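Have a look at the structure below before the remarks.
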Amino acid sequence: EKITISVIKADVGGWPGHSRVHPALIEKAKEVLSEAQKEGTIIDFYVTYAGDDLQLIMTHKKGVDSPEVHGLAWEAFKKATEVAKELALYGAGQDLLKDAFSGNVRGLGPSVAEMEITLRKSEPIVTFHLDKTEPGAFNLPIFRMFADPFNTAGLVIDPKMHMGFRFEIWDILEHKKVIMNSPEEMYDILALIGAKGRYVIKRVYPKEGHPIPKDEPVAVVSTEKLYEVAGEYVGKDDPVAIVRAQSGLPALGEVLEPFAFPHLVSGWMRGSHNGPLMPVPLKYATPTRFDGPPRAVALGWQISPEGKLIGPVDLFDDPAFDWARQKALEITDYMRRHGPFEPHRLPLEEMEYTTLPGVLEKLKDRFEPIE
Ligand code: 13P
Ligand code: 13P
Ligand code: MG
Ligand code: MG
Ligand code: MG
Ligand code: MG
Ligand code: MG
């Protein structure tokens, strides 16, 4: 029998500004989910935050895109929004872009990563929760976990991993997807996912012959684009992901290793800047400097045979990531000194909002041809 793991998140109000989630919102969401657990809608749950994003981690037997489970998440976000409004938190209800729930939270504002899996004898998973960045921020680390032998020793030395993995890549502008094989098509994969604002890794699958069935994902990333839903900038699509580990998959340490390099991602201040992704324990998932730098939280779990969430372990709460944090701070300083200049500020077409049309309008009579 299969178990579904659903990570659904939304920013329903920041405290203060866009820094973090107020504990009263977490309490409210817990109330809603524990009621649903008693009624049997979900098996288990955990509520937490990453920056100003309220994070619901749930297990159940209803499969992905379940109207009941998505409806439950929607209700939790709605109730938490009421609390955010009472406290006049910043941007109360920010990510709830539509008023009416119609069976699925996708396209309504929240971000979703879900996978339905046959539990292995032991099922270690990591949920990732990012703030002040976008889904493409996962391209580099997910690629490294499942395709880069310099990151994942298992690709070379574990017979179960040696054949590689399949990547499902979405073109989020054209709304198309493609499945590609690694290592055979590695350079083609990189040609796409290096353009992380457009091509994003949605899922990773094992290949034929792997102990995990070929149609079961081993990693999944949220790919919601708030901008497209709302038609205007309403905050970043701070993404989440679920990754399975061990026994023919990257070991836990191979799943975490890519985050030892604080790579540049877009987001940060006003969703319009490049900055380093800093791996942090939950207690530091509280972006402050220039509303950042962007943060990554990793929570470790074992799923029990009944579908209980055994955890979380706050995986970046480890001195092994101190150097990455230190490096991220150096990069933060270096990038910040560019002020309003690219490549700190994003190129025009990727900025979430811009005064440029207004400035150009004002100057239109003063522009003259160059001889
Ligand atoms: P498995 O024991 O899950 O195969 O992984 C090996 C390991 O522990 C890597 O450090
Ligand atoms: P959030 O998406 O985390 O709300 O960030 C919005 C923003 O503009 C921060 O400066
Ligand atoms: Mg916010
Ligand atoms: Mg956020
Ligand atoms: Mg956001
Ligand atoms: Mg081991
Ligand atoms: Mg072992």
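FYI, nothing fancy with the structure tokens labels: chains A, B, ... in order, residues from 1 per chain, ligands from 1 as they appear.
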
*Please identify every polymer residue within 6 Å of ligand 2, using only C-alpha atoms and all ligand atoms, and present the set as a VMD selection string.*
chain A and resid 18 52 131 to 132 235 to 236 268 to 271 291

Create the file for the chosen residues now, containing N, CA, C and O atoms and written as a compact mmCIF listing (two decimals), in the first residue's frame.
```txt
# COMPACT_ATOMS: atom_id res chain seq x y z
N HIS A 18 8.97 40.71 5.96
CA HIS A 18 8.99 39.38 5.33
C HIS A 18 9.95 38.43 6.06
O HIS A 18 10.46 37.49 5.48
N ASP A 52 9.26 33.65 6.13
CA ASP A 52 7.85 34.05 6.33
C ASP A 52 6.88 33.05 5.71
O ASP A 52 5.71 33.37 5.52
N ASP A 131 13.48 30.01 1.46
CA ASP A 131 12.81 31.32 1.48
C ASP A 131 13.66 32.34 0.75
O ASP A 131 14.89 32.27 0.75
N LYS A 132 12.96 33.33 0.13
CA LYS A 132 13.58 34.42 -0.64
C LYS A 132 14.27 33.93 -1.91
O LYS A 132 15.31 34.43 -2.31
N GLY A 235 5.51 38.74 -4.33
CA GLY A 235 6.43 37.99 -3.49
C GLY A 235 6.97 36.81 -4.28
O GLY A 235 6.45 36.45 -5.33
N LYS A 236 8.05 36.22 -3.77
CA LYS A 236 8.70 35.11 -4.46
C LYS A 236 7.97 33.81 -4.24
O LYS A 236 7.27 33.64 -3.26
N TRP A 268 15.83 37.16 -2.99
CA TRP A 268 16.35 38.15 -2.02
C TRP A 268 15.44 39.39 -1.98
O TRP A 268 14.22 39.27 -2.04
N MET A 269 16.03 40.57 -1.87
CA MET A 269 15.22 41.78 -1.71
C MET A 269 14.25 41.99 -2.87
O MET A 269 14.67 42.00 -4.03
N ARG A 270 12.98 42.13 -2.56
CA ARG A 270 11.92 42.40 -3.55
C ARG A 270 11.92 41.41 -4.69
O ARG A 270 11.45 41.71 -5.80
N GLY A 271 12.44 40.21 -4.43
CA GLY A 271 12.47 39.18 -5.47
C GLY A 271 13.25 39.59 -6.69
O GLY A 271 13.04 39.04 -7.77
N ASP A 291 16.63 41.71 3.53
CA ASP A 291 15.61 40.66 3.46
C ASP A 291 16.19 39.30 3.09
O ASP A 291 15.51 38.46 2.48
```

*Can you list, as a list in words, every protein, DNA or RNA residue that comes within 6 Å of Trp301 of chain A when you count only C-alpha atoms, leaving out same-chain residues fewer than 2 positions away?*
Pro124, Ile125, Ile310, Gly311 and Pro312 of chain A

*Counting only C-alpha atoms and all ligand atoms, name the residues that have an atom within 9 Å of an atom of ligand 4; the answer should be given as number ranges by chain.*
A: 10-11, 14, 18-20, 50-54, 130-133, 235-239

Dump as a short mmCIF file (atom, residue, chain, number, x, y, z; two decimals), in the first residue's frame, selection limited to N, CA and C atoms:
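Printed below is selection.cif as written:
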```
data_model
loop_
_atom_site.label_atom_id
_atom_site.label_comp_id
_atom_site.auth_asym_id
_atom_site.auth_seq_id
_atom_site.Cartn_x
_atom_site.Cartn_y
_atom_site.Cartn_z
N ALA A 10 2.64 28.25 2.23
CA ALA A 10 2.20 29.56 1.76
C ALA A 10 2.69 30.62 2.73
N ASP A 11 2.91 31.79 2.21
CA ASP A 11 3.20 32.97 3.03
C ASP A 11 1.85 33.62 3.33
N GLY A 14 3.96 38.02 7.34
CA GLY A 14 5.32 38.01 7.87
C GLY A 14 5.41 38.79 9.18
N HIS A 18 8.97 40.71 5.96
CA HIS A 18 8.99 39.38 5.33
C HIS A 18 9.95 38.43 6.06
N SER A 19 10.21 38.69 7.37
CA SER A 19 11.27 37.95 8.05
C SER A 19 10.90 36.54 8.50
N ARG A 20 9.80 36.40 9.23
CA ARG A 20 9.49 35.05 9.70
C ARG A 20 8.00 34.88 9.99
N ALA A 50 9.74 28.54 7.24
CA ALA A 50 11.06 28.88 6.68
C ALA A 50 10.90 30.34 6.32
N GLY A 51 11.59 31.22 7.02
CA GLY A 51 11.36 32.64 6.83
C GLY A 51 9.89 32.96 7.09
N ASP A 52 9.26 33.65 6.13
CA ASP A 52 7.85 34.05 6.33
C ASP A 52 6.88 33.05 5.71
N ASP A 53 7.36 31.85 5.38
CA ASP A 53 6.50 30.85 4.76
C ASP A 53 6.09 29.76 5.74
N LEU A 54 4.78 29.58 5.87
CA LEU A 54 4.20 28.57 6.76
C LEU A 54 4.21 27.23 6.04
N LEU A 130 12.81 26.49 1.24
CA LEU A 130 13.63 27.66 0.91
C LEU A 130 12.82 28.94 1.06
N ASP A 131 13.48 30.01 1.46
CA ASP A 131 12.81 31.32 1.48
C ASP A 131 13.66 32.34 0.75
N LYS A 132 12.96 33.33 0.13
CA LYS A 132 13.58 34.42 -0.64
C LYS A 132 14.27 33.93 -1.91
N THR A 133 13.65 32.92 -2.53
CA THR A 133 14.14 32.48 -3.83
C THR A 133 13.05 31.78 -4.60
N GLY A 235 5.51 38.74 -4.33
CA GLY A 235 6.43 37.99 -3.49
C GLY A 235 6.97 36.81 -4.28
N LYS A 236 8.05 36.22 -3.77
CA LYS A 236 8.70 35.11 -4.46
C LYS A 236 7.97 33.81 -4.24
N ASP A 237 8.20 32.87 -5.16
CA ASP A 237 7.56 31.56 -5.11
C ASP A 237 8.43 30.63 -4.29
N ASP A 238 8.80 31.08 -3.10
CA ASP A 238 9.71 30.33 -2.23
C ASP A 238 9.39 28.84 -2.28
N PRO A 239 10.32 28.01 -2.79
CA PRO A 239 9.98 26.63 -3.13
C PRO A 239 10.26 25.61 -2.03
#
```

Against ligand 6, which residues of chain A fall within 10 Å? For each one I want the closest pair of atoms and the distance in Å (one decimal), counting only C-alpha atoms and all ligand atoms, rows by chain and increasing residue number, as CSV.
```
residue,atom,partner,partner_atom_place_in_ligand_line,distance
A:Gln246,CA,ligand 6,1 (Mg),7.6
A:Ser247,CA,ligand 6,1 (Mg),8.3
A:Ala251,CA,ligand 6,1 (Mg),7.7
A:Leu252,CA,ligand 6,1 (Mg),9.1
```

*If you run DSSP over the backbone, which residues in segment 133-308 of chain A end up alpha helix (DSSP H)? Put them as a ChimeraX atom specification.*
/A:139-147,154-157,186-193,226-230,252-256

Contact residues around Ala80 of chain A with only C-alpha atoms at 12 Å, ignoring same-chain residues under 2 positions, as a compact mmCIF listing (two decimals) with all heavy atoms, in the first residue's frame:
```txt
# COMPACT_ATOMS: atom_id res chain seq x y z
N LYS A 9 3.03 24.80 1.22
CA LYS A 9 3.40 26.00 1.97
C LYS A 9 2.82 27.26 1.36
O LYS A 9 2.53 27.31 0.16
CB LYS A 9 4.92 26.11 2.10
CG LYS A 9 5.65 26.09 0.79
CD LYS A 9 6.41 27.36 0.48
CE LYS A 9 5.61 28.60 0.35
NZ LYS A 9 6.08 29.54 -0.70
N ALA A 10 2.64 28.25 2.23
CA ALA A 10 2.20 29.56 1.76
C ALA A 10 2.69 30.62 2.73
O ALA A 10 2.87 30.36 3.93
CB ALA A 10 0.67 29.60 1.66
N ASP A 11 2.91 31.79 2.21
CA ASP A 11 3.20 32.97 3.03
C ASP A 11 1.85 33.62 3.33
O ASP A 11 1.20 34.12 2.42
CB ASP A 11 4.11 33.91 2.22
CG ASP A 11 4.44 35.21 2.95
OD1 ASP A 11 3.78 35.53 3.97
OD2 ASP A 11 5.36 35.91 2.48
N VAL A 12 1.42 33.55 4.58
CA VAL A 12 0.13 34.17 4.92
C VAL A 12 0.32 35.34 5.87
O VAL A 12 -0.63 35.78 6.53
CB VAL A 12 -0.89 33.15 5.48
CG1 VAL A 12 -1.24 32.11 4.43
CG2 VAL A 12 -0.37 32.48 6.75
N GLY A 13 1.56 35.84 5.93
CA GLY A 13 1.81 37.02 6.77
C GLY A 13 3.18 36.94 7.40
O GLY A 13 3.56 35.87 7.89
N GLY A 14 3.96 38.02 7.34
CA GLY A 14 5.32 38.01 7.87
C GLY A 14 5.41 38.79 9.18
O GLY A 14 4.60 39.68 9.46
N VAL A 21 7.62 33.65 10.34
CA VAL A 21 6.22 33.34 10.64
C VAL A 21 6.00 33.52 12.14
O VAL A 21 6.78 33.03 12.96
CB VAL A 21 5.91 31.87 10.24
CG1 VAL A 21 4.50 31.49 10.66
CG2 VAL A 21 6.08 31.67 8.73
N HIS A 22 4.92 34.22 12.52
CA HIS A 22 4.59 34.37 13.93
C HIS A 22 4.11 33.02 14.50
O HIS A 22 3.37 32.30 13.83
CB HIS A 22 3.48 35.42 14.07
CG HIS A 22 3.22 35.83 15.49
ND1 HIS A 22 2.51 35.05 16.37
CD2 HIS A 22 3.60 36.94 16.18
CE1 HIS A 22 2.46 35.66 17.55
NE2 HIS A 22 3.11 36.82 17.45
N PRO A 23 4.55 32.68 15.75
CA PRO A 23 4.15 31.38 16.32
C PRO A 23 2.64 31.16 16.37
O PRO A 23 2.18 30.01 16.29
CB PRO A 23 4.73 31.43 17.75
CG PRO A 23 5.72 32.53 17.77
CD PRO A 23 5.46 33.44 16.62
N ALA A 24 1.86 32.22 16.48
CA ALA A 24 0.40 32.04 16.55
C ALA A 24 -0.16 31.43 15.25
O ALA A 24 -1.17 30.74 15.27
CB ALA A 24 -0.28 33.38 16.84
N LEU A 25 0.51 31.68 14.14
CA LEU A 25 0.07 31.11 12.86
C LEU A 25 0.36 29.61 12.83
O LEU A 25 -0.44 28.81 12.34
CB LEU A 25 0.79 31.80 11.69
CG LEU A 25 0.16 33.09 11.14
CD1 LEU A 25 -0.11 34.10 12.25
CD2 LEU A 25 1.03 33.70 10.07
N ILE A 26 1.53 29.26 13.38
CA ILE A 26 1.91 27.85 13.45
C ILE A 26 0.92 27.10 14.35
O ILE A 26 0.44 26.02 14.01
CB ILE A 26 3.36 27.71 13.94
CG1 ILE A 26 4.30 28.32 12.89
CG2 ILE A 26 3.73 26.25 14.23
CD1 ILE A 26 5.77 28.32 13.25
N GLU A 27 0.59 27.71 15.48
CA GLU A 27 -0.38 27.11 16.41
C GLU A 27 -1.72 26.87 15.72
O GLU A 27 -2.33 25.81 15.86
CB GLU A 27 -0.57 27.99 17.65
CG GLU A 27 0.55 27.85 18.67
CD GLU A 27 0.98 26.39 18.90
OE1 GLU A 27 0.11 25.55 19.21
OE2 GLU A 27 2.18 26.08 18.72
N LYS A 28 -2.18 27.87 15.00
CA LYS A 28 -3.48 27.76 14.31
C LYS A 28 -3.46 26.62 13.29
O LYS A 28 -4.38 25.80 13.23
CB LYS A 28 -3.85 29.10 13.67
CG LYS A 28 -5.17 29.15 12.97
CD LYS A 28 -6.35 28.67 13.83
CE LYS A 28 -6.79 29.73 14.84
NZ LYS A 28 -7.96 29.23 15.66
N ALA A 29 -2.40 26.56 12.50
CA ALA A 29 -2.31 25.50 11.48
C ALA A 29 -2.26 24.13 12.15
O ALA A 29 -2.89 23.17 11.66
CB ALA A 29 -1.09 25.73 10.60
N LYS A 30 -1.55 24.02 13.28
CA LYS A 30 -1.49 22.75 14.01
C LYS A 30 -2.89 22.31 14.46
O LYS A 30 -3.24 21.14 14.38
CB LYS A 30 -0.60 22.88 15.26
CG LYS A 30 0.87 22.75 15.00
CD LYS A 30 1.61 22.75 16.33
CE LYS A 30 3.10 22.85 16.15
NZ LYS A 30 3.78 23.25 17.41
N GLU A 31 -3.65 23.29 14.95
CA GLU A 31 -5.02 23.01 15.40
C GLU A 31 -5.83 22.38 14.27
O GLU A 31 -6.48 21.35 14.44
CB GLU A 31 -5.68 24.36 15.74
CG GLU A 31 -6.14 24.55 17.15
CD GLU A 31 -6.65 25.98 17.30
OE1 GLU A 31 -7.76 26.30 16.81
OE2 GLU A 31 -5.90 26.78 17.88
N VAL A 32 -5.78 23.02 13.10
CA VAL A 32 -6.56 22.55 11.95
C VAL A 32 -6.11 21.14 11.53
O VAL A 32 -6.93 20.25 11.31
CB VAL A 32 -6.42 23.53 10.76
CG1 VAL A 32 -7.12 22.99 9.51
CG2 VAL A 32 -6.97 24.91 11.13
N LEU A 33 -4.80 20.94 11.47
CA LEU A 33 -4.29 19.64 11.01
C LEU A 33 -4.53 18.54 12.05
O LEU A 33 -4.77 17.39 11.68
CB LEU A 33 -2.81 19.72 10.63
CG LEU A 33 -2.45 20.64 9.46
CD1 LEU A 33 -1.03 20.34 8.98
CD2 LEU A 33 -3.42 20.53 8.29
N VAL A 47 4.09 20.99 11.43
CA VAL A 47 3.96 22.36 10.95
C VAL A 47 5.21 23.12 11.34
O VAL A 47 5.66 23.04 12.49
CB VAL A 47 2.72 23.06 11.55
CG1 VAL A 47 2.61 24.49 11.02
CG2 VAL A 47 1.46 22.28 11.25
N ASP A 53 7.36 31.85 5.38
CA ASP A 53 6.50 30.85 4.76
C ASP A 53 6.09 29.76 5.74
O ASP A 53 6.95 29.11 6.36
CB ASP A 53 7.20 30.25 3.54
CG ASP A 53 7.35 31.28 2.43
OD1 ASP A 53 6.42 31.42 1.64
OD2 ASP A 53 8.39 31.98 2.39
N LEU A 54 4.78 29.58 5.87
CA LEU A 54 4.20 28.57 6.76
C LEU A 54 4.21 27.23 6.04
O LEU A 54 3.70 27.12 4.92
CB LEU A 54 2.76 29.01 7.10
CG LEU A 54 1.95 28.14 8.05
CD1 LEU A 54 2.63 27.97 9.41
CD2 LEU A 54 0.56 28.77 8.25
N GLN A 55 4.80 26.22 6.67
CA GLN A 55 5.09 24.95 6.01
C GLN A 55 4.28 23.81 6.63
O GLN A 55 4.38 23.56 7.83
CB GLN A 55 6.59 24.62 6.17
CG GLN A 55 7.53 25.75 5.81
CD GLN A 55 7.91 25.77 4.34
OE1 GLN A 55 7.80 24.76 3.64
NE2 GLN A 55 8.35 26.93 3.86
N LEU A 56 3.51 23.12 5.81
CA LEU A 56 2.74 21.96 6.28
C LEU A 56 3.35 20.70 5.66
O LEU A 56 3.48 20.60 4.44
CB LEU A 56 1.28 22.05 5.83
CG LEU A 56 0.56 23.40 6.01
CD1 LEU A 56 -0.87 23.30 5.47
CD2 LEU A 56 0.57 23.85 7.46
N ALA A 73 -5.17 21.88 3.53
CA ALA A 73 -4.08 22.87 3.55
C ALA A 73 -4.65 24.28 3.35
O ALA A 73 -4.27 25.23 4.04
CB ALA A 73 -3.05 22.55 2.46
N TRP A 74 -5.58 24.38 2.41
CA TRP A 74 -6.21 25.68 2.13
C TRP A 74 -6.90 26.23 3.38
O TRP A 74 -6.76 27.39 3.73
CB TRP A 74 -7.21 25.51 0.98
CG TRP A 74 -7.80 26.80 0.50
CD1 TRP A 74 -9.06 27.26 0.74
CD2 TRP A 74 -7.14 27.80 -0.30
NE1 TRP A 74 -9.23 28.48 0.14
CE2 TRP A 74 -8.08 28.83 -0.51
CE3 TRP A 74 -5.86 27.91 -0.85
CZ2 TRP A 74 -7.78 29.98 -1.24
CZ3 TRP A 74 -5.56 29.06 -1.58
CH2 TRP A 74 -6.51 30.07 -1.77
N GLU A 75 -7.63 25.33 4.08
CA GLU A 75 -8.32 25.74 5.30
C GLU A 75 -7.31 26.21 6.36
O GLU A 75 -7.52 27.23 7.02
CB GLU A 75 -9.15 24.56 5.83
CG GLU A 75 -10.06 24.93 7.00
CD GLU A 75 -10.53 23.70 7.79
OE1 GLU A 75 -10.51 22.57 7.23
OE2 GLU A 75 -10.90 23.88 8.97
N ALA A 76 -6.20 25.45 6.50
CA ALA A 76 -5.18 25.84 7.49
C ALA A 76 -4.62 27.22 7.15
O ALA A 76 -4.43 28.08 8.04
CB ALA A 76 -4.06 24.80 7.52
N PHE A 77 -4.35 27.48 5.86
CA PHE A 77 -3.81 28.78 5.45
C PHE A 77 -4.84 29.89 5.66
O PHE A 77 -4.51 31.00 6.08
CB PHE A 77 -3.36 28.75 3.98
CG PHE A 77 -2.18 27.85 3.73
CD1 PHE A 77 -2.11 27.06 2.59
CD2 PHE A 77 -1.12 27.79 4.64
CE1 PHE A 77 -1.03 26.23 2.35
CE2 PHE A 77 -0.03 26.97 4.42
CZ PHE A 77 0.02 26.18 3.27
N LYS A 78 -6.12 29.60 5.38
CA LYS A 78 -7.19 30.59 5.57
C LYS A 78 -7.31 30.98 7.05
O LYS A 78 -7.36 32.16 7.40
CB LYS A 78 -8.53 30.02 5.09
CG LYS A 78 -8.72 30.11 3.59
CD LYS A 78 -8.98 31.56 3.20
CE LYS A 78 -9.41 31.69 1.75
NZ LYS A 78 -9.31 33.08 1.27
N GLU A 82 -6.51 34.56 9.06
CA GLU A 82 -7.37 35.31 9.99
C GLU A 82 -6.55 35.79 11.19
O GLU A 82 -6.67 36.93 11.62
CB GLU A 82 -8.53 34.44 10.47
CG GLU A 82 -9.63 34.27 9.42
CD GLU A 82 -10.60 33.13 9.78
OE1 GLU A 82 -10.73 32.81 10.99
OE2 GLU A 82 -11.20 32.56 8.84
N VAL A 83 -5.72 34.89 11.71
CA VAL A 83 -4.86 35.26 12.85
C VAL A 83 -3.89 36.36 12.42
O VAL A 83 -3.69 37.34 13.14
CB VAL A 83 -4.08 34.03 13.37
CG1 VAL A 83 -3.14 34.43 14.51
CG2 VAL A 83 -5.02 32.93 13.82
N ALA A 84 -3.32 36.21 11.22
CA ALA A 84 -2.36 37.21 10.72
C ALA A 84 -3.04 38.57 10.59
O ALA A 84 -2.43 39.61 10.86
CB ALA A 84 -1.80 36.76 9.38
N LYS A 85 -4.31 38.56 10.19
CA LYS A 85 -5.04 39.83 10.08
C LYS A 85 -5.29 40.45 11.44
O LYS A 85 -5.11 41.66 11.62
CB LYS A 85 -6.35 39.62 9.32
CG LYS A 85 -6.12 39.46 7.82
CD LYS A 85 -7.41 39.37 7.03
CE LYS A 85 -7.09 39.36 5.53
NZ LYS A 85 -8.12 38.64 4.75
N GLU A 86 -5.68 39.63 12.41
CA GLU A 86 -5.89 40.14 13.78
C GLU A 86 -4.62 40.80 14.31
O GLU A 86 -4.68 41.83 14.98
CB GLU A 86 -6.26 38.99 14.74
CG GLU A 86 -7.71 38.57 14.68
CD GLU A 86 -7.91 37.17 15.29
OE1 GLU A 86 -7.13 36.80 16.20
OE2 GLU A 86 -8.83 36.45 14.82
N LEU A 87 -3.47 40.18 14.02
CA LEU A 87 -2.19 40.72 14.53
C LEU A 87 -1.62 41.78 13.58
O LEU A 87 -0.56 42.33 13.84
CB LEU A 87 -1.18 39.59 14.70
CG LEU A 87 -1.58 38.44 15.64
CD1 LEU A 87 -0.51 37.35 15.66
CD2 LEU A 87 -1.82 38.96 17.06
N ALA A 88 -2.33 42.02 12.47
CA ALA A 88 -1.87 42.97 11.44
C ALA A 88 -0.45 42.64 11.00
O ALA A 88 0.39 43.53 10.83
CB ALA A 88 -1.98 44.41 11.92
N LEU A 89 -0.19 41.35 10.78
CA LEU A 89 1.13 40.94 10.28
C LEU A 89 1.29 41.44 8.85
O LEU A 89 0.31 41.76 8.18
CB LEU A 89 1.27 39.42 10.35
CG LEU A 89 1.16 38.86 11.77
CD1 LEU A 89 1.29 37.35 11.76
CD2 LEU A 89 2.22 39.47 12.69
N ALA A 92 -0.68 39.96 5.19
CA ALA A 92 -1.55 38.87 5.64
C ALA A 92 -2.28 38.27 4.43
O ALA A 92 -2.88 38.98 3.64
CB ALA A 92 -2.55 39.38 6.67
N GLY A 93 -2.17 36.95 4.28
CA GLY A 93 -2.80 36.28 3.14
C GLY A 93 -2.05 36.46 1.84
O GLY A 93 -2.58 36.16 0.77
N GLN A 94 -0.80 36.90 1.92
CA GLN A 94 0.00 37.25 0.73
C GLN A 94 -0.08 36.22 -0.41
O GLN A 94 -0.27 36.60 -1.57
CB GLN A 94 1.48 37.43 1.12
CG GLN A 94 2.41 37.71 -0.06
CD GLN A 94 3.88 37.84 0.35
OE1 GLN A 94 4.27 38.86 0.89
NE2 GLN A 94 4.66 36.80 0.12
N ASP A 95 0.09 34.94 -0.09
CA ASP A 95 0.16 33.94 -1.15
C ASP A 95 -1.20 33.31 -1.49
O ASP A 95 -1.26 32.42 -2.34
CB ASP A 95 1.13 32.81 -0.77
CG ASP A 95 2.59 33.25 -0.86
OD1 ASP A 95 2.85 34.39 -1.28
OD2 ASP A 95 3.46 32.45 -0.49
N LEU A 96 -2.28 33.71 -0.82
CA LEU A 96 -3.59 33.15 -1.18
C LEU A 96 -4.20 34.08 -2.22
O LEU A 96 -4.85 35.07 -1.91
CB LEU A 96 -4.49 33.02 0.05
CG LEU A 96 -3.88 32.25 1.23
CD1 LEU A 96 -4.92 32.03 2.32
CD2 LEU A 96 -3.31 30.91 0.79
```

Each residue of chain A lying at most 10 Å from ligand 1 should get a row with its shortest atom-to-atom pair and the distance in Å to one decimal, counting only C-alpha atoms and all ligand atoms; could you produce that, ordered by chain and increasing number, as a Markdown table?
```
| residue | atom | partner | partner_atom_place_in_ligand_line | distance |
| --- | --- | --- | --- | --- |
| A:Ser122 | CA | ligand 1 | 3 (O) | 9.3 |
| A:Glu123 | CA | ligand 1 | 3 (O) | 9.8 |
| A:Pro124 | CA | ligand 1 | 3 (O) | 9.0 |
| A:Thr152 | CA | ligand 1 | 9 (C) | 9.8 |
| A:Ala153 | CA | ligand 1 | 9 (C) | 8.8 |
| A:Gly154 | CA | ligand 1 | 9 (C) | 7.8 |
| A:Asp158 | CA | ligand 1 | 4 (O) | 7.7 |
| A:Lys160 | CA | ligand 1 | 4 (O) | 9.1 |
| A:Met161 | CA | ligand 1 | 4 (O) | 10.0 |
| A:Ala245 | CA | ligand 1 | 3 (O) | 7.2 |
| A:Gln246 | CA | ligand 1 | 3 (O) | 3.5 |
| A:Ser247 | CA | ligand 1 | 3 (O) | 3.7 |
| A:Gly248 | CA | ligand 1 | 4 (O) | 6.1 |
| A:Leu249 | CA | ligand 1 | 3 (O) | 7.4 |
| A:Pro250 | CA | ligand 1 | 5 (O) | 7.5 |
| A:Ala251 | CA | ligand 1 | 9 (C) | 4.9 |
| A:Leu252 | CA | ligand 1 | 10 (O) | 7.3 |
| A:Gly253 | CA | ligand 1 | 10 (O) | 6.8 |
| A:Glu254 | CA | ligand 1 | 10 (O) | 8.0 |
```

*Considering only C-alpha atoms and all ligand atoms, state which residue in the set A:Lys98, A:Lys308, A:His129, A:Arg345 is at the smallest distance from ligand 5.*
A:His129

_Long-range neighbours of Phe259 of chain A as a PyMOL selection string, 9 Å cut-off, only C-alpha atoms, 4 positions minimum in chain_ = chain A and resi 141+255+263+277-279+296+321+324
